[in-house]
$ cat run.txt   # compact mmCIF, C-alpha atoms
# COMPACT_ATOMS: atom_id res chain seq x y z
CA MET A 841 63.43 -27.76 146.30
CA THR A 842 61.22 -25.91 148.78
CA SER A 843 57.46 -26.18 149.12
CA ALA A 844 57.18 -22.80 147.40
CA ASP A 845 58.78 -24.32 144.30
CA ILE A 846 56.31 -27.22 144.06
CA PRO A 847 53.52 -25.52 142.05
CA ALA A 848 55.88 -24.39 139.29
CA TYR A 849 57.72 -27.72 139.28
CA MET A 850 54.53 -29.75 138.98
CA ALA A 851 53.12 -27.41 136.33
CA HIS A 852 56.29 -27.99 134.31
CA LEU A 853 55.95 -31.77 134.62
CA GLY A 854 52.30 -31.55 133.63
CA ALA A 855 52.94 -29.40 130.55
CA ALA A 856 55.75 -31.70 129.42
CA ALA A 857 53.56 -34.78 129.94
CA ARG A 858 50.69 -33.26 127.97
CA ALA A 859 53.00 -32.44 125.05
CA ALA A 860 54.53 -35.93 125.17
CA SER A 861 51.08 -37.54 125.24
CA HIS A 862 50.31 -36.19 121.78
CA ALA A 863 53.50 -37.74 120.39
CA MET A 864 52.81 -41.04 122.17
CA ALA A 865 49.26 -41.21 120.82
CA ALA A 866 50.66 -40.98 117.30
CA ALA A 867 53.68 -43.22 117.91
CA PRO A 868 53.97 -46.27 115.64
CA THR A 869 53.67 -49.66 117.27
CA ALA A 870 57.20 -50.57 116.19
CA ALA A 871 58.69 -47.66 118.13
CA LYS A 872 56.74 -48.48 121.28
CA ASP A 873 57.76 -52.13 121.08
CA ARG A 874 61.37 -51.14 120.48
CA ALA A 875 61.31 -49.07 123.68
CA LEU A 876 59.85 -51.96 125.66
CA ARG A 877 62.46 -54.42 124.44
CA ALA A 878 65.22 -51.90 125.16
CA LEU A 879 63.84 -51.44 128.67
CA ALA A 880 63.81 -55.21 129.27
CA ALA A 881 67.42 -55.44 128.14
CA GLY A 882 68.41 -52.48 130.32
CA LEU A 883 66.79 -53.99 133.38
CA ARG A 884 68.64 -57.28 132.96
CA ALA A 885 71.95 -55.53 132.36
CA ASP A 886 71.60 -53.23 135.37
CA VAL A 887 70.57 -55.70 138.11
CA PRO A 888 73.62 -55.02 140.38
CA ALA A 889 73.07 -51.25 140.28
CA LEU A 890 69.33 -51.64 140.85
CA LEU A 891 69.89 -53.90 143.86
CA ALA A 892 72.44 -51.44 145.26
CA ALA A 893 69.98 -48.57 144.98
CA ASN A 894 67.29 -50.73 146.57
CA ALA A 895 69.63 -51.66 149.43
CA ARG A 896 70.00 -47.95 150.27
CA ASP A 897 66.21 -47.65 150.45
CA LEU A 898 65.90 -50.78 152.59
CA GLU A 899 68.52 -49.53 155.02
CA ALA A 900 66.80 -46.17 155.41
CA ALA A 901 63.33 -47.76 155.74
CA SER A 902 64.11 -50.40 158.36
CA GLY A 903 61.46 -48.99 160.72
CA ILE A 904 58.44 -49.09 158.41
CA ALA A 905 55.58 -51.60 158.73
CA ALA A 906 56.43 -55.16 157.72
CA PRO A 907 54.06 -55.35 154.72
CA LEU A 908 55.48 -52.11 153.27
CA PHE A 909 59.05 -53.28 153.89
CA ASP A 910 58.31 -56.56 152.13
CA ARG A 911 56.88 -54.72 149.12
CA LEU A 912 59.92 -52.42 149.01
CA LYS A 913 62.35 -55.23 148.27
CA LEU A 914 63.80 -55.73 144.81
CA SER A 915 65.41 -59.04 143.90
CA PRO A 916 66.85 -60.52 140.71
CA ALA A 917 63.60 -62.51 140.37
CA ILE A 918 61.44 -59.39 140.65
CA VAL A 919 63.59 -57.55 138.10
CA GLU A 920 63.31 -60.53 135.74
CA THR A 921 59.53 -60.59 136.18
CA VAL A 922 59.12 -56.93 135.20
CA ALA A 923 61.55 -57.42 132.29
CA GLU A 924 59.42 -60.34 131.09
CA GLY A 925 56.37 -58.12 131.47
CA CYS A 926 57.94 -55.56 129.12
CA GLU A 927 58.59 -58.28 126.56
CA GLN A 928 55.06 -59.63 126.91
CA LEU A 929 53.68 -56.17 126.23
CA ALA A 930 55.94 -55.77 123.21
CA ALA A 931 54.59 -59.02 121.80
CA MET A 932 50.95 -58.10 122.36
CA PRO A 933 48.72 -56.46 119.74
CA ASP A 934 48.61 -52.68 119.94
CA PRO A 935 45.10 -51.66 121.00
CA VAL A 936 45.48 -48.05 119.89
CA GLY A 937 43.56 -47.23 116.72
CA GLU A 938 41.59 -50.48 116.68
CA ILE A 939 38.08 -49.96 115.29
CA SER A 940 35.33 -52.27 116.51
CA GLU A 941 31.56 -52.64 116.28
CA LEU A 942 31.47 -50.99 112.83
CA LYS A 943 27.88 -51.08 111.59
CA ARG A 944 26.27 -49.70 108.45
CA ARG A 945 23.27 -47.49 109.18
CA PRO A 946 20.21 -47.06 106.91
CA SER A 947 21.43 -43.54 106.12
CA GLY A 948 24.55 -45.01 104.49
CA ILE A 949 27.04 -43.98 107.18
CA SER A 950 29.09 -46.58 109.08
CA VAL A 951 29.36 -46.08 112.83
CA GLY A 952 31.97 -47.74 115.06
CA ARG A 953 34.26 -47.20 118.00
CA MET A 954 38.01 -46.57 118.03
CA ARG A 955 40.29 -47.37 120.94
CA VAL A 956 42.45 -44.39 121.92
CA PRO A 957 44.84 -43.54 124.80
CA LEU A 958 43.52 -41.75 127.88
CA GLY A 959 46.24 -39.11 127.50
CA VAL A 960 48.17 -38.50 130.74
CA PHE A 961 47.79 -40.52 133.92
CA GLY A 962 49.29 -39.77 137.28
CA MET A 963 50.42 -42.73 139.36
CA ILE A 964 50.85 -42.43 143.14
CA TYR A 965 52.18 -45.49 144.93
CA GLU A 966 53.91 -46.68 148.08
CA SER A 967 56.88 -49.07 148.30
CA ARG A 968 56.76 -51.52 145.34
CA PRO A 969 59.50 -50.08 143.07
CA ASN A 970 58.49 -52.67 140.46
CA VAL A 971 55.38 -50.50 139.91
CA THR A 972 57.66 -47.91 138.30
CA ILE A 973 58.37 -50.32 135.45
CA GLU A 974 54.85 -51.72 135.28
CA ALA A 975 53.37 -48.23 134.99
CA ALA A 976 55.99 -47.03 132.53
CA SER A 977 55.73 -50.07 130.26
CA LEU A 978 51.94 -49.92 130.16
CA ALA A 979 52.03 -46.20 129.43
CA ILE A 980 54.41 -46.79 126.53
CA LYS A 981 52.42 -49.58 124.90
CA SER A 982 49.04 -47.87 125.41
CA GLY A 983 50.30 -44.61 123.89
CA ASN A 984 49.93 -42.57 127.07
CA ALA A 985 52.23 -40.29 129.01
CA CYS A 986 52.48 -40.64 132.78
CA ILE A 987 53.77 -38.83 135.84
CA LEU A 988 54.93 -41.21 138.57
CA ARG A 989 55.13 -40.33 142.24
CA GLY A 990 56.50 -43.17 144.32
CA GLY A 991 56.86 -43.26 148.08
CA SER A 992 59.80 -41.54 149.77
CA GLU A 993 60.91 -44.94 151.10
CA ALA A 994 61.61 -46.14 147.52
CA LEU A 995 63.11 -42.98 146.02
CA GLN A 996 66.58 -44.36 145.18
CA SER A 997 65.13 -47.52 143.62
CA ASN A 998 62.59 -45.54 141.60
CA LEU A 999 65.20 -43.09 140.33
CA ALA A 1000 67.43 -45.93 139.15
CA LEU A 1001 64.53 -47.64 137.36
CA TRP A 1002 63.22 -44.40 135.83
CA ARG A 1003 66.60 -43.61 134.29
CA LEU A 1004 66.43 -46.93 132.46
CA VAL A 1005 62.95 -46.05 131.20
CA GLN A 1006 64.11 -42.70 129.86
CA ALA A 1007 67.11 -44.28 128.13
CA ALA A 1008 64.81 -46.83 126.45
CA LEU A 1009 62.41 -44.11 125.25
CA VAL A 1010 65.22 -42.07 123.75
CA GLU A 1011 66.73 -45.16 122.11
CA ALA A 1012 63.37 -45.81 120.42
CA GLY A 1013 62.98 -42.22 119.25
CA LEU A 1014 60.15 -41.43 121.67
CA PRO A 1015 59.95 -38.40 123.99
CA ALA A 1016 61.71 -38.90 127.31
CA ALA A 1017 58.96 -36.81 128.95
CA ALA A 1018 56.46 -39.57 128.19
CA VAL A 1019 57.42 -41.07 131.57
CA GLN A 1020 58.35 -38.62 134.31
CA LEU A 1021 59.13 -39.24 137.97
CA VAL A 1022 58.40 -36.69 140.67
CA GLU A 1023 61.84 -36.30 142.22
CA THR A 1024 60.78 -34.60 145.43
CA THR A 1025 59.38 -36.38 148.47
CA ASP A 1026 57.43 -33.28 149.52
CA ARG A 1027 53.78 -34.30 149.98
CA ALA A 1028 52.66 -31.03 148.45
CA ALA A 1029 53.61 -32.54 145.08
CA VAL A 1030 50.84 -35.13 145.48
CA GLY A 1031 48.32 -32.42 146.23
CA ARG A 1032 49.28 -30.62 143.02
CA LEU A 1033 49.33 -33.78 140.88
CA ILE A 1034 45.76 -34.72 141.78
CA ALA A 1035 44.49 -31.20 141.09
CA MET A 1036 45.79 -30.56 137.56
CA PRO A 1037 42.94 -31.43 135.17
CA GLU A 1038 44.58 -29.30 132.51
CA SER A 1039 47.52 -31.71 132.45
CA VAL A 1040 46.33 -35.02 133.95
CA ASP A 1041 43.37 -37.09 132.73
CA VAL A 1042 43.21 -39.75 135.44
CA ILE A 1043 44.91 -40.55 138.76
CA ILE A 1044 45.76 -44.11 139.78
CA PRO A 1045 46.71 -44.51 143.46
CA ARG A 1046 48.28 -47.77 144.58
CA GLY A 1047 49.03 -48.22 148.26
CA GLY A 1048 47.44 -48.30 151.67
CA LYS A 1049 43.81 -47.53 152.36
CA GLY A 1050 44.66 -44.17 153.95
CA LEU A 1051 46.51 -42.98 150.86
CA ILE A 1052 43.76 -44.06 148.48
CA GLU A 1053 40.98 -42.54 150.61
CA ARG A 1054 42.85 -39.23 150.65
CA ILE A 1055 43.38 -39.25 146.89
CA ALA A 1056 39.74 -40.17 146.18
CA ALA A 1057 38.50 -37.40 148.48
CA GLU A 1058 40.79 -34.61 147.23
CA ALA A 1059 41.37 -35.34 143.54
CA ARG A 1060 39.98 -32.98 140.92
CA VAL A 1061 40.44 -35.55 138.15
CA PRO A 1062 38.93 -39.07 137.86
CA VAL A 1063 40.49 -41.77 140.05
CA ILE A 1064 40.90 -45.50 139.29
CA LYS A 1065 41.17 -47.16 142.68
CA HIS A 1066 40.62 -49.95 145.12
CA LEU A 1067 40.65 -49.26 148.84
CA ASP A 1068 41.52 -52.69 150.20
CA GLY A 1069 41.58 -56.38 149.39
CA ASN A 1070 39.42 -58.40 151.77
CA CYS A 1071 39.47 -61.50 149.57
CA HIS A 1072 37.41 -64.59 150.43
CA VAL A 1073 37.74 -68.31 149.84
CA TYR A 1074 34.44 -70.19 150.15
CA VAL A 1075 34.64 -73.97 150.56
CA ASP A 1076 31.36 -75.44 149.29
CA ALA A 1077 29.56 -78.64 150.35
CA GLU A 1078 30.85 -80.64 147.37
CA ILE A 1079 34.62 -80.40 146.95
CA ASP A 1080 37.78 -82.23 146.03
CA LEU A 1081 39.15 -82.10 149.58
CA GLU A 1082 42.85 -82.34 148.75
CA GLN A 1083 42.55 -79.72 146.02
CA ALA A 1084 40.59 -77.40 148.31
CA LEU A 1085 43.27 -77.67 150.99
CA ARG A 1086 46.05 -76.83 148.54
CA VAL A 1087 44.22 -73.88 147.01
CA THR A 1088 43.19 -72.41 150.36
CA ASP A 1089 46.73 -72.73 151.68
CA ASN A 1090 48.16 -71.01 148.59
CA ALA A 1091 45.57 -68.24 148.66
CA LYS A 1092 46.54 -67.33 152.21
CA THR A 1093 50.19 -68.25 152.74
CA GLN A 1094 51.98 -68.00 149.37
CA LYS A 1095 52.58 -64.35 150.32
CA TYR A 1096 50.84 -62.39 153.05
CA SER A 1097 51.35 -58.79 151.94
CA PRO A 1098 49.60 -58.56 148.52
CA CYS A 1099 46.06 -57.27 148.18
CA ASN A 1100 44.98 -60.54 146.50
CA ALA A 1101 45.91 -62.77 149.45
CA ALA A 1102 42.91 -64.43 151.10
CA GLU A 1103 41.85 -62.76 154.35
CA SER A 1104 38.55 -64.60 155.01
CA LEU A 1105 37.66 -68.29 154.87
CA LEU A 1106 34.04 -69.43 154.68
CA VAL A 1107 33.25 -73.13 154.97
CA HIS A 1108 29.94 -74.90 154.28
CA ALA A 1109 28.59 -76.53 157.44
CA ALA A 1110 28.45 -79.93 155.74
CA GLN A 1111 32.14 -79.81 154.89
CA ALA A 1112 33.45 -78.03 157.98
CA PRO A 1113 34.14 -81.13 160.16
CA ALA A 1114 36.35 -82.65 157.46
CA PHE A 1115 37.95 -79.51 156.10
CA LEU A 1116 38.61 -77.21 159.04
CA PRO A 1117 40.85 -79.49 161.17
CA ARG A 1118 42.98 -80.24 158.08
CA ILE A 1119 43.42 -76.61 157.00
CA GLY A 1120 43.79 -75.62 160.65
CA ALA A 1121 46.81 -77.90 160.96
CA VAL A 1122 48.34 -76.34 157.84
CA PHE A 1123 47.81 -72.84 159.20
CA ALA A 1124 49.08 -73.83 162.65
CA ALA A 1125 52.32 -75.14 161.14
CA LYS A 1126 52.83 -71.81 159.35
CA GLY A 1127 51.94 -69.61 162.33
CA VAL A 1128 48.70 -68.25 160.88
CA GLU A 1129 46.28 -66.94 163.51
CA MET A 1130 42.64 -67.93 162.93
CA ARG A 1131 39.93 -65.55 164.12
CA CYS A 1132 36.88 -67.75 164.36
CA ASP A 1133 33.16 -67.78 164.82
CA ALA A 1134 31.85 -70.14 167.53
CA ARG A 1135 31.37 -73.19 165.28
CA SER A 1136 34.75 -72.97 163.53
CA ARG A 1137 36.54 -72.45 166.84
CA GLU A 1138 34.86 -75.57 168.20
CA LEU A 1139 36.10 -77.61 165.22
CA LEU A 1140 39.62 -76.14 165.39
CA ALA A 1141 40.08 -76.41 169.16
CA ALA A 1142 41.79 -79.81 168.98
CA VAL A 1143 44.35 -78.76 166.33
CA ALA A 1144 47.81 -78.89 167.88
CA GLY A 1145 49.51 -75.51 168.00
CA ALA A 1146 46.56 -73.64 166.51
CA ARG A 1147 46.51 -69.92 167.22
CA LEU A 1148 42.82 -69.19 167.74
CA ALA A 1149 40.89 -66.07 168.66
CA ASP A 1150 37.24 -65.09 168.68
CA ALA A 1151 36.32 -63.07 165.60
CA THR A 1152 34.78 -59.66 166.13
CA GLU A 1153 32.38 -58.05 163.68
CA ALA A 1154 35.29 -55.95 162.40
CA ASP A 1155 37.29 -59.07 161.50
CA TRP A 1156 34.86 -60.00 158.73
CA ALA A 1157 35.80 -56.81 156.84
CA THR A 1158 39.51 -56.58 157.68
CA GLU A 1159 42.42 -56.77 155.24
CA TYR A 1160 45.19 -58.12 157.47
CA LEU A 1161 48.17 -58.28 155.07
CA ALA A 1162 49.60 -60.60 157.71
CA PRO A 1163 49.45 -64.26 158.86
CA ILE A 1164 45.89 -63.82 160.15
CA ILE A 1165 42.65 -65.10 158.61
CA SER A 1166 39.02 -64.87 159.68
CA VAL A 1167 37.12 -68.18 159.62
CA LYS A 1168 33.36 -68.71 159.57
CA VAL A 1169 31.09 -71.71 159.08
CA VAL A 1170 28.09 -70.88 156.87
CA ALA A 1171 24.86 -72.73 156.24
CA GLY A 1172 25.32 -72.78 152.49
CA LEU A 1173 25.96 -70.91 149.26
CA ASP A 1174 23.29 -68.24 149.90
CA GLU A 1175 24.85 -67.25 153.20
CA ALA A 1176 28.35 -67.29 151.71
CA ILE A 1177 27.38 -64.97 148.85
CA ALA A 1178 25.50 -62.62 151.18
CA HIS A 1179 28.47 -62.53 153.58
CA ILE A 1180 30.95 -61.74 150.80
CA ASN A 1181 28.78 -59.03 149.26
CA ARG A 1182 28.29 -57.44 152.67
CA HIS A 1183 31.80 -57.61 154.09
CA GLY A 1184 34.03 -57.96 151.02
CA SER A 1185 35.90 -55.22 149.22
CA GLN A 1186 34.79 -56.24 145.69
CA HIS A 1187 38.37 -57.26 144.87
CA THR A 1188 38.73 -61.05 144.45
CA ASP A 1189 36.72 -63.97 145.80
CA ALA A 1190 36.90 -67.70 145.09
CA ILE A 1191 34.64 -70.72 145.43
CA LEU A 1192 36.06 -74.23 145.80
CA THR A 1193 33.47 -76.71 144.56
CA THR A 1194 32.78 -79.63 142.24
CA ASN A 1195 29.17 -78.51 141.79
CA HIS A 1196 28.79 -76.69 138.47
CA VAL A 1197 25.51 -75.00 139.37
CA ALA A 1198 27.00 -73.62 142.60
CA ALA A 1199 30.07 -72.39 140.72
CA MET A 1200 28.00 -70.55 138.12
CA ARG A 1201 25.80 -68.93 140.78
CA PHE A 1202 28.90 -67.76 142.62
CA LEU A 1203 30.36 -66.26 139.43
CA ARG A 1204 27.13 -64.41 138.65
CA GLU A 1205 26.14 -63.23 142.10
CA VAL A 1206 29.36 -62.29 143.88
CA ASP A 1207 29.85 -58.59 143.13
CA SER A 1208 33.64 -58.47 142.80
CA ALA A 1209 36.12 -57.45 140.15
CA SER A 1210 37.58 -60.99 139.95
CA VAL A 1211 35.58 -64.10 140.81
CA MET A 1212 37.20 -67.53 140.67
CA VAL A 1213 36.31 -71.22 140.70
CA ASN A 1214 38.82 -73.71 142.12
CA ALA A 1215 41.75 -71.29 141.86
CA SER A 1216 43.83 -69.29 144.32
CA THR A 1217 42.94 -65.63 144.78
CA ARG A 1218 46.66 -64.94 144.30
CA PHE A 1219 46.08 -65.23 140.54
CA ALA A 1220 44.25 -61.87 140.52
CA ASP A 1221 47.15 -60.09 138.89
CA GLY A 1222 47.75 -58.50 135.50
CA PHE A 1223 50.83 -60.60 134.78
CA GLU A 1224 48.99 -63.83 135.62
CA TYR A 1225 45.99 -62.72 133.55
CA GLY A 1226 48.21 -62.29 130.51
CA LEU A 1227 48.02 -58.50 130.48
CA GLY A 1228 51.82 -58.24 130.47
CA ALA A 1229 51.67 -56.03 133.54
CA GLU A 1230 49.10 -54.14 135.52
CA ILE A 1231 48.81 -50.55 136.60
CA GLY A 1232 46.78 -51.65 139.61
CA ILE A 1233 43.50 -53.27 140.59
CA SER A 1234 40.23 -51.40 140.16
CA THR A 1235 37.16 -52.19 142.21
CA ASP A 1236 35.26 -49.35 140.56
CA LYS A 1237 32.51 -50.16 138.06
CA PHE A 1238 33.32 -47.91 135.15
CA HIS A 1239 35.44 -48.90 132.15
CA ALA A 1240 38.36 -50.38 134.13
CA ARG A 1241 37.60 -53.18 136.63
CA GLY A 1242 39.95 -55.76 138.11
CA PRO A 1243 43.61 -55.78 137.01
CA VAL A 1244 44.08 -52.72 134.81
CA GLY A 1245 46.24 -53.37 131.76
CA LEU A 1246 46.40 -51.92 128.27
CA GLU A 1247 42.66 -51.70 127.63
CA GLY A 1248 42.09 -50.09 131.02
CA LEU A 1249 44.42 -47.27 129.97
CA THR A 1250 42.47 -46.59 126.81
CA SER A 1251 38.96 -45.41 126.07
CA LEU A 1252 36.62 -45.69 123.12
CA LYS A 1253 35.50 -42.83 120.94
CA TRP A 1254 32.82 -42.97 118.27
CA VAL A 1255 33.93 -42.80 114.64
CA VAL A 1256 31.69 -42.25 111.63
CA LEU A 1257 32.69 -43.20 108.07
CA GLY A 1258 30.70 -41.70 105.26
CA GLN A 1259 30.71 -41.01 101.52
CA GLY A 1260 29.01 -37.66 101.46
CA GLU A 1261 25.74 -38.72 103.11
CA LEU A 1262 23.42 -35.91 104.24
CA ARG A 1263 20.92 -36.08 107.07
CA SER A 1264 17.38 -35.61 105.80

$ encode --input "run.txt" --output "C-alpha cells"
Amino acid sequence: MTSADIPAYMAHLGAAARAASHAMAAAPTAAKDRALRALAAGLRADVPALLAANARDLEAASGIAAPLFDRLKLSPAIVETVAEGCEQLAAMPDPVGEISELKRRPSGISVGRMRVPLGVFGMIYESRPNVTIEAASLAIKSGNACILRGGSEALQSNLALWRLVQAALVEAGLPAAAVQLVETTDRAAVGRLIAMPESVDVIIPRGGKGLIERIAAEARVPVIKHLDGNCHVYVDAEIDLEQALRVTDNAKTQKYSPCNAAESLLVHAAQAPAFLPRIGAVFAAKGVEMRCDARSRELLAAVAGARLADATEADWATEYLAPIISVKVVAGLDEAIAHINRHGSQHTDAILTTNHVAAMRFLREVDSASVMVNASTRFADGFEYGLGAEIGISTDKFHARGPVGLEGLTSLKWVVLGQGELRS
C-alpha cells in the first residue's frame, strides 16, 4: 500500500466501522457476552502462536527505548490477564439501554436518561499489544465499533490478536468489522483516522507524550487523553511507618514503565528523619536514583549505596518511567497539596496517613483523576478497579475521567415517556 492509497483505505475502514456500529448498538447482551467468552478461549488456546508473533516484534524492535520495549512484551501471564478481562466483562451487567433518573413531571411526562454507545472510536497506541484485546473487548461489551492503530513495533502481535477478535465476533454472529485493525504502518493513516468525523466519534490515544500531544493538536474529533503520569506519594506526619514503606516501595518499584508508577515522593518534615533513611535504603538496594531537595538529600546522605542527585525545577514535573524518583520534604499537608496540584499531571496521587481528617482533605483537594489513601498508585488501572479492562486513562474533566471502562465508552441521552400529554 502506498501513501496515495491511504485516503481510500481509511475511508473504507471508516464506512465499515460506521455500519458495524449500528449493528453493535442493537446487539443483544447474550451475543456480546458470547463473543467475549469465545475471545477468552481463543487467547488461551493460541498462546504459542501469540508468543511467536510477539517474538518477531521483539527481535525487530531491539533498539527502541527500554520502557517501550518492556511494554511490547507478551507473556503467558499477560495473555491470561487479558483473557480474564474478557470474562470479567462478559459477567458484568450490560450498560447499554439502561434508563436512570426517571422522574415524573407535573405535565404528566416522565423524563430520564438512557445509556447508549458512543458509536465508533479510534484507538491509537504504542507498544502494549495487550491494548488490542482490551480495546476490542470493551468495544464489544459497550456496543461500539472501533478502529485500532497500533505501533509499527507491535504489528505482528497485533495482527495475531486481531484475528482472534474477528473469529470471536463471527462465532457470536456479530459483524467482523466491529473491530478493525489498520494494517499499514504508514503514519498518514493516523492523520486520516483523526480527521474523519463522518466515521469516527472519538479518538483515544495511548502512548508517549509526543504522540498524544500531536493527536490532541491535529484531531478533528473529540479526544480522550492523558499526556503523562507524574504520580505522587505523600507521606504525612501521622503514619504506620512499616505500611508506608511497603506502599511507597510498591508504588515506585513494582514496575517502572507504567503511567501509574510513582515518580515523586513528598514527605512531611516531622516524619522525614524516620522515613527517608528507611525508604532510601530500599531504593538504594534496587538501584533507584533519588533526585532530592536540600533537606531530603541531607537525610539520605548517610544511606549506603544511595544514588543521589540535586533535583532541578523540571524534576518536580517529570514522568521518568525509569528507576528514578524525585524526593522533597514539605512543611505539611497544605504544601503537599499545592505541590501536587502545581506539578502533577492529574493522573494518580496517594496520601499515606493514619489521620482521617488529613486523608479526607487530600481526597477533596487534590485535583487528579484517581486519589488514594494508604494504597499504591499502581492500583490506578481498569482491571484493578473492577472495570474488566480499560481503554486508557483520562485526565480530562468531561464524562470520562480516570481509567476508562464500559461507562466511559457510553454517553447518556434524554428519553421522555408520555401518554399523549400536550404542552399547554

$ closest_residue --input "run.txt" --among "A:Gly854, A:Gly948, A:Gly1232, A:Pro933" --to "Gly1260 of chain A" --atoms "only C-alpha atoms"
A:Gly948

$ closest_residue --input "run.txt" --among "A:Asp1026, A:Glu966, A:Asp1041, A:Glu1175" --to "Thr1250 of chain A" --atoms "all atoms listed in the file"
A:Asp1041

$ closest_residue --input "run.txt" --among "A:Ala866, A:Ala1101, A:Ala923, A:Leu890" --to "Ser982 of chain A" --atoms "all atoms listed in the file"
A:Ala866

$ atom_distance --input "run.txt" --atom1 "atom CA of Ala1110 of chain A" --atom2 "atom CA of Ala1077 of chain A"
5.7 Å

$ closest_residue --input "run.txt" --among "A:Leu1140, A:Ala975, A:Cys1132, A:Ile1043" --to "Leu1246 of chain A" --atoms "only C-alpha atoms"
A:Ala975

$ closest_residue --input "run.txt" --among "A:Ile987, A:Ala848, A:Ala1142, A:Leu1004" --to "Val887 of chain A" --atoms "all atoms listed in the file"
A:Leu1004

$ closest_residue --input "run.txt" --among "A:Met1200, A:Ala881, A:Ala1134, A:Ala994" --to "Phe909 of chain A" --atoms "all atoms listed in the file"
A:Ala994

$ residues_near_point --input "run.txt" --point "(50.2, -34.0, 127.4)" --cutoff "10 Å" --atoms "all atoms listed in the file" --output "list in words"
Leu853, Gly854, Ala855, Ala856, Ala857, Arg858, Ala859, Ala860, Ser861, His862, Ala863, Met864, Ala865, Gly959, Val960, Phe961, Asn984, Ala985, Cys986, Ala1017, Ala1018, Glu1038, Ser1039, Val1040 and Asp1041 of chain A

$ write_last_selection --input "run.txt" --atoms "C-alpha atoms" --output "mmCIF file, in the coordinates of the input"
data_model
loop_
_atom_site.group_PDB
_atom_site.id
_atom_site.type_symbol
_atom_site.label_atom_id
_atom_site.label_comp_id
_atom_site.auth_asym_id
_atom_site.auth_seq_id
_atom_site.Cartn_x
_atom_site.Cartn_y
_atom_site.Cartn_z
ATOM 1 C CA LEU A 853 55.950 -31.770 134.620
ATOM 2 C CA GLY A 854 52.300 -31.550 133.630
ATOM 3 C CA ALA A 855 52.940 -29.400 130.550
ATOM 4 C CA ALA A 856 55.750 -31.700 129.420
ATOM 5 C CA ALA A 857 53.560 -34.780 129.940
ATOM 6 C CA ARG A 858 50.690 -33.260 127.970
ATOM 7 C CA ALA A 859 53.000 -32.440 125.050
ATOM 8 C CA ALA A 860 54.530 -35.930 125.170
ATOM 9 C CA SER A 861 51.080 -37.540 125.240
ATOM 10 C CA HIS A 862 50.310 -36.190 121.780
ATOM 11 C CA ALA A 863 53.500 -37.740 120.390
ATOM 12 C CA MET A 864 52.810 -41.040 122.170
ATOM 13 C CA ALA A 865 49.260 -41.210 120.820
ATOM 14 C CA GLY A 959 46.240 -39.110 127.500
ATOM 15 C CA VAL A 960 48.170 -38.500 130.740
ATOM 16 C CA PHE A 961 47.790 -40.520 133.920
ATOM 17 C CA ASN A 984 49.930 -42.570 127.070
ATOM 18 C CA ALA A 985 52.230 -40.290 129.010
ATOM 19 C CA CYS A 986 52.480 -40.640 132.780
ATOM 20 C CA ALA A 1017 58.960 -36.810 128.950
ATOM 21 C CA ALA A 1018 56.460 -39.570 128.190
ATOM 22 C CA GLU A 1038 44.580 -29.300 132.510
ATOM 23 C CA SER A 1039 47.520 -31.710 132.450
ATOM 24 C CA VAL A 1040 46.330 -35.020 133.950
ATOM 25 C CA ASP A 1041 43.370 -37.090 132.730
#

$ residues_around --input "run.txt" --residues "Phe1202 of chain A" --least-positions-apart "5" --cutoff "10 Å" --atoms "all atoms listed in the file" --output "MDAnalysis selection string"
chainID A and resid 1074 1173:1174 1176:1177 1189:1191 1196:1197 1207 1211:1213

$ residues_around --input "run.txt" --residues "Ala1109 of chain A" --least-positions-apart "3" --cutoff "6 Å" --atoms "only C-alpha atoms" --output "PyMOL selection string"
chain A and resi 1112+1169-1171

$ residues_around --input "run.txt" --residues "Pro1098 of chain A" --least-positions-apart "6" --cutoff "9 Å" --atoms "all atoms listed in the file" --output "ChimeraX atom specification"
/A:907,911,1069,1161,1218

$ atom_distance --input "run.txt" --atom1 "atom CA of Arg1135 of chain A" --atom2 "atom CA of Tyr1160 of chain A"
21.9 Å

$ atom_distance --input "run.txt" --atom1 "atom CA of Ala1162 of chain A" --atom2 "atom CA of Gln1094 of chain A"
11.4 Å

$ residues_around --input "run.txt" --residues "Gln1186 of chain A" --least-positions-apart "2" --cutoff "9 Å" --atoms "all atoms listed in the file" --output "VMD selection string"
chain A and resid 1066 1068 to 1071 1180 to 1181 1184 1188 to 1189 1206 to 1210 1235 to 1236
